Amino acid sequence: MKHRLIRCCLALAAAMVWGTAHACPEPVYAVHSSAIYLEDAREDEAFYNYQWALKNNGQLRLLDKDSGRVLEMGSGVIYGDKSARAADVLKVTEALPGVDIHAEEAWKLYEAAAEKKQVTVALIDTGVDVTHQELAEGLWVNADEIPGDGVDNDRNGYVDDIHGWNFISHNHLLCRGAEDDHGTHAAGTLNAAWDGKGVTGINDSHYVKIMVLKALGADGKGDSSTVIEAIRYAQANGAQICNLSFGSETYDRQLEQVIRQSPMLFIISAGNGDAGGNGLNIDQFPVYPAAYTSENIISVANLLFDGNLHDSSNFGVQSVDLAAPGSYILSTAAEHRFGYMTGTSMAAPMVTAAAAMLASYHGDWGIAEIREAILSSVQPMESLYGKLATGGILDMGKAMLYQP
């Protein structure tokens with residue numbers, strides 16, 4: 001089916017945390033991403049063929065034109081202006097087959113497993129549309145709380161925190177609409193339902209659950225105290241893995257200590273460059289928390305489907321561990337929609353999802369073994385040598401087979 005595509009300005013590709021050290025904080029970086037929503041998609045329609053990160057068969061082409069960027073699959077336009085003239089083409093980027101996370105290999109192993117462990121992923125981000133048809137079954141549930149009774153049944157200080165908490169508005173309302181597209185998009189990558197409809201999440205939502213922790217507001221801003229409170233909530237409620245898709249140039253000692261002392265594994269986006277969209281070497285120009293040196297952190301860059309980093313992706317052989325697909329990623333969006341986004345914020349959930357699957361599959365592994373498996377099993381890419389610590393991209397199939 002041909003979809004009517006609507007172009008609109010979305011949230012930041014990598015949401016910003018603002019340093020608490022300044023009385024009048026300024027944004028560290030503000031790389032805005034344009035999103036394309038599939039406006040007329042049927043509820044029973046499947047978009048797996050558009051999800052190149054899971055299986056890249058080389059059919060995609062990115063056309064840079066005077067009028068903007070257009071993404072083609074075969075002879076059809078799936079992203080951008082269909083009316084743009086062919087003569088406008090300035091550059092063509094072809095997909096390289098096999099540049100993906102090898103999800104299908106990992107799924108075969110996972111589905112054959114006799115036992116699987118329940119895993120909770122803390123998604124500290126904007127909110128998530130918890131009513132989205134592809135996400136509703138994959139949410140963490142606080143079994144000690146009674147939904148909607150207005151009482152703090154478990155006496156943890158949060159009333160009706162069934163699926164998580166809104167640390168911006170200080171209530172249990174986890175989605176306010178389009179301002180929560182960023183988090184909703186990450187959630188779809190993590191565990192959108194395996195129901196043959198919509199997008200396909202990386203994890204089986206029966207085993208991997210998302211704890212929604214809204215710590216970034218309508219403008220993509222949050223502060224360290226809010227993030228720290230969300231981390232502590234996640235720890236207290238049993239999350240094993242935490243996704244952080246935001247950054248700041250401002251070093252925060254308390255946040256670093258909280259992350260370092262946490263029992264969780266943190267997957268963190270490396271950031272989206274300067275104001276002009278040019279990726280930065282964060283060994284020289286640190287972005288936090290990606291540049292923190294804790295052994296429970298994996299920092300992730302944004303890979304394009306041709307095997308190169310996206311122009312806007314930060315890098316650093318000391319500070320950034322590996323790359324994962326983060327460009328033109330189709331996933332869930334608020335208000336029951338689907339949309340494309342680009343940024344390291346889209347790459348980090350790929351690695352978070354891999355970590356969650358490993359935790360579920362290898363139930364006796366701790367976070368050190370999970371981190372080791374991911375970083376030791378990357379698919380090497382010559383284009384990434386000297387830019388990333390591992391010089392490679394996420395390979396879920398190899399990670400599942402890794403022996404510590």
# chains A, B, ... in the order shown; residues from 1 in each chain; ligands from 1
$ residues_around --residues "Ile231 (chain A)" --least-positions-apart "6" --cutoff "12 Å" --atoms "only C-alpha atoms" --output "NGL selection string"
:A and (121-125 or 164-165 or 167 or 211-215 or 224-225 or 237-244 or 255-266)
$ residues_around --residues "Gly343 (chain A)" --least-positions-apart "2" --cutoff "7 Å" --atoms "only C-alpha atoms" --output "JSON, numbers by chain"
{"A": [13, 14, 272, 302, 326, 327, 341, 345, 346, 347]}
$ closest_atom_pairs --of "region 226-316 of chain A" --to "region 93-98 of chain A" --cutoff "8 Å" --atoms "only C-alpha atoms" --output "JSON lines"
{"residue": "A:Phe305", "atom": "CA", "partner": "A:Ala95", "partner_atom": "CA", "distance": 5.1}
{"residue": "A:Asp306", "atom": "CA", "partner": "A:Ala95", "partner_atom": "CA", "distance": 4.6}
{"residue": "A:Gly307", "atom": "CA", "partner": "A:Leu96", "partner_atom": "CA", "distance": 6.8}
$ write_last_selection --atoms "N, CA and C atoms" --output "compact mmCIF listing (two decimals), in the first residue's frame"
# COMPACT_ATOMS: atom_id res chain seq x y z
N PHE A 305 22.62 3.15 6.70
CA PHE A 305 22.51 1.81 6.11
C PHE A 305 23.60 1.48 5.08
N ASP A 306 24.51 2.41 4.84
CA ASP A 306 25.64 2.10 3.94
C ASP A 306 26.90 1.72 4.71
N GLY A 307 26.80 1.62 6.03
CA GLY A 307 27.95 1.21 6.84
C GLY A 307 28.79 2.35 7.35
$ closest_residue --among "A:Thr390, A:Asn281, A:Ser377, A:Thr184" --to "Pro349 (chain A)" --atoms "only C-alpha atoms"
A:Thr184
$ select_by_dssp --residues "region 47-236 of chain A" --states "helix (DSSP H, G or I)" --output "NGL selection string"
:A and (48-50 or 86-88 or 103-112 or 136-138 or 178-191 or 224-236)
$ atom_distance --atom1 "CA of Pro289 (chain A)" --atom2 "CA of Glu249 (chain A)"
8.9 Å
$ closest_residue --among "A:Gly148, A:Gly363, A:Gly397, A:Pro286" --to "Lys116 (chain A)" --atoms "only C-alpha atoms"
A:Gly363
$ select_by_dssp --residues "region 155-403 of chain A" --states "strand (DSSP E)" --output "PyMOL selection string"
chain A and resi 164-166+208-214+221-223+241-244+246-247+265-269+297-303+322-325+329-333+337-341+379-380+392-393
$ decode --residues "region 118-161 of chain A" --atoms "N, CA and C atoms" --output "compact mmCIF listing (two decimals), in the first residue's frame"
# COMPACT_ATOMS: atom_id res chain seq x y z
N GLN A 118 12.21 -12.93 32.79
CA GLN A 118 11.54 -11.64 32.67
C GLN A 118 12.56 -10.53 32.93
N VAL A 119 12.55 -9.50 32.08
CA VAL A 119 13.50 -8.39 32.18
C VAL A 119 12.74 -7.07 32.12
N THR A 120 13.14 -6.14 32.96
CA THR A 120 12.54 -4.81 32.94
C THR A 120 13.57 -3.78 32.47
N VAL A 121 13.17 -3.00 31.47
CA VAL A 121 14.00 -1.93 30.92
C VAL A 121 13.43 -0.59 31.36
N ALA A 122 14.25 0.23 31.98
CA ALA A 122 13.84 1.59 32.35
C ALA A 122 14.12 2.51 31.17
N LEU A 123 13.07 3.14 30.67
CA LEU A 123 13.19 4.09 29.56
C LEU A 123 13.02 5.49 30.12
N ILE A 124 14.16 6.15 30.37
CA ILE A 124 14.15 7.52 30.91
C ILE A 124 14.26 8.47 29.74
N ASP A 125 13.18 9.17 29.44
CA ASP A 125 13.06 9.88 28.17
C ASP A 125 11.91 10.86 28.30
N THR A 126 11.30 11.22 27.15
CA THR A 126 9.98 11.84 27.22
C THR A 126 9.02 10.73 27.62
N GLY A 127 7.73 10.99 27.59
CA GLY A 127 6.78 9.95 27.92
C GLY A 127 6.60 8.96 26.79
N VAL A 128 5.70 8.03 26.99
CA VAL A 128 5.38 7.00 26.01
C VAL A 128 3.87 6.88 25.91
N ASP A 129 3.37 6.73 24.69
CA ASP A 129 1.95 6.48 24.50
C ASP A 129 1.64 5.05 24.93
N VAL A 130 1.22 4.89 26.18
CA VAL A 130 1.00 3.56 26.74
C VAL A 130 -0.26 2.91 26.21
N THR A 131 -1.07 3.65 25.44
CA THR A 131 -2.26 3.07 24.83
C THR A 131 -2.02 2.63 23.39
N HIS A 132 -0.82 2.86 22.87
CA HIS A 132 -0.52 2.48 21.49
C HIS A 132 -0.72 0.97 21.33
N GLN A 133 -1.38 0.60 20.24
CA GLN A 133 -1.72 -0.80 20.04
C GLN A 133 -0.52 -1.71 19.96
N GLU A 134 0.65 -1.18 19.60
CA GLU A 134 1.85 -2.00 19.49
C GLU A 134 2.66 -2.05 20.79
N LEU A 135 2.26 -1.25 21.77
CA LEU A 135 3.06 -1.14 22.99
C LEU A 135 2.35 -1.59 24.26
N ALA A 136 1.04 -1.60 24.24
CA ALA A 136 0.26 -1.79 25.47
C ALA A 136 0.59 -3.08 26.21
N GLU A 137 0.92 -4.14 25.49
CA GLU A 137 1.19 -5.43 26.13
C GLU A 137 2.61 -5.54 26.65
N GLY A 138 3.47 -4.59 26.33
CA GLY A 138 4.88 -4.69 26.70
C GLY A 138 5.29 -3.77 27.82
N LEU A 139 4.35 -3.30 28.60
CA LEU A 139 4.66 -2.34 29.66
C LEU A 139 4.87 -3.04 30.99
N TRP A 140 5.84 -2.55 31.74
CA TRP A 140 6.03 -2.99 33.12
C TRP A 140 4.79 -2.62 33.93
N VAL A 141 4.41 -3.49 34.84
CA VAL A 141 3.25 -3.25 35.70
C VAL A 141 3.69 -3.32 37.16
N ASN A 142 3.37 -2.29 37.90
CA ASN A 142 3.61 -2.27 39.34
C ASN A 142 2.49 -3.05 40.01
N ALA A 143 2.77 -4.29 40.35
CA ALA A 143 1.74 -5.18 40.88
C ALA A 143 1.26 -4.77 42.27
N ASP A 144 1.99 -3.90 42.94
CA ASP A 144 1.62 -3.48 44.29
C ASP A 144 0.73 -2.25 44.31
N GLU A 145 0.39 -1.75 43.11
CA GLU A 145 -0.43 -0.55 43.02
C GLU A 145 -1.78 -0.90 42.38
N ILE A 146 -2.85 -0.32 42.88
CA ILE A 146 -4.18 -0.52 42.31
C ILE A 146 -4.47 0.61 41.34
N PRO A 147 -4.73 0.28 40.08
CA PRO A 147 -4.91 1.34 39.07
C PRO A 147 -6.09 2.27 39.37
N GLY A 148 -5.79 3.57 39.29
CA GLY A 148 -6.84 4.59 39.28
C GLY A 148 -7.58 4.83 40.57
N ASP A 149 -7.09 4.31 41.71
CA ASP A 149 -7.84 4.54 42.95
C ASP A 149 -7.38 5.79 43.70
N GLY A 150 -6.35 6.47 43.17
CA GLY A 150 -5.89 7.69 43.80
C GLY A 150 -5.17 7.49 45.12
N VAL A 151 -4.74 6.27 45.36
CA VAL A 151 -4.07 5.94 46.62
C VAL A 151 -2.68 5.39 46.33
N ASP A 152 -1.73 5.77 47.15
CA ASP A 152 -0.37 5.23 47.04
C ASP A 152 -0.34 3.89 47.76
N ASN A 153 -0.84 2.86 47.11
CA ASN A 153 -1.03 1.57 47.76
C ASN A 153 0.27 0.95 48.27
N ASP A 154 1.35 1.09 47.50
CA ASP A 154 2.61 0.49 47.92
C ASP A 154 3.47 1.42 48.77
N ARG A 155 2.95 2.64 49.02
CA ARG A 155 3.59 3.61 49.90
C ARG A 155 5.02 3.94 49.47
N ASN A 156 5.19 4.05 48.16
CA ASN A 156 6.53 4.41 47.67
C ASN A 156 6.64 5.90 47.33
N GLY A 157 5.59 6.65 47.60
CA GLY A 157 5.61 8.09 47.34
C GLY A 157 5.05 8.50 46.00
N TYR A 158 4.56 7.52 45.21
CA TYR A 158 4.04 7.79 43.87
C TYR A 158 2.65 7.17 43.75
N VAL A 159 1.67 8.00 43.50
CA VAL A 159 0.28 7.55 43.46
C VAL A 159 -0.09 7.03 42.08
N ASP A 160 -0.61 5.81 42.03
CA ASP A 160 -1.06 5.19 40.77
C ASP A 160 0.07 5.04 39.75
N ASP A 161 1.26 4.73 40.21
CA ASP A 161 2.40 4.52 39.30
C ASP A 161 2.34 3.09 38.76
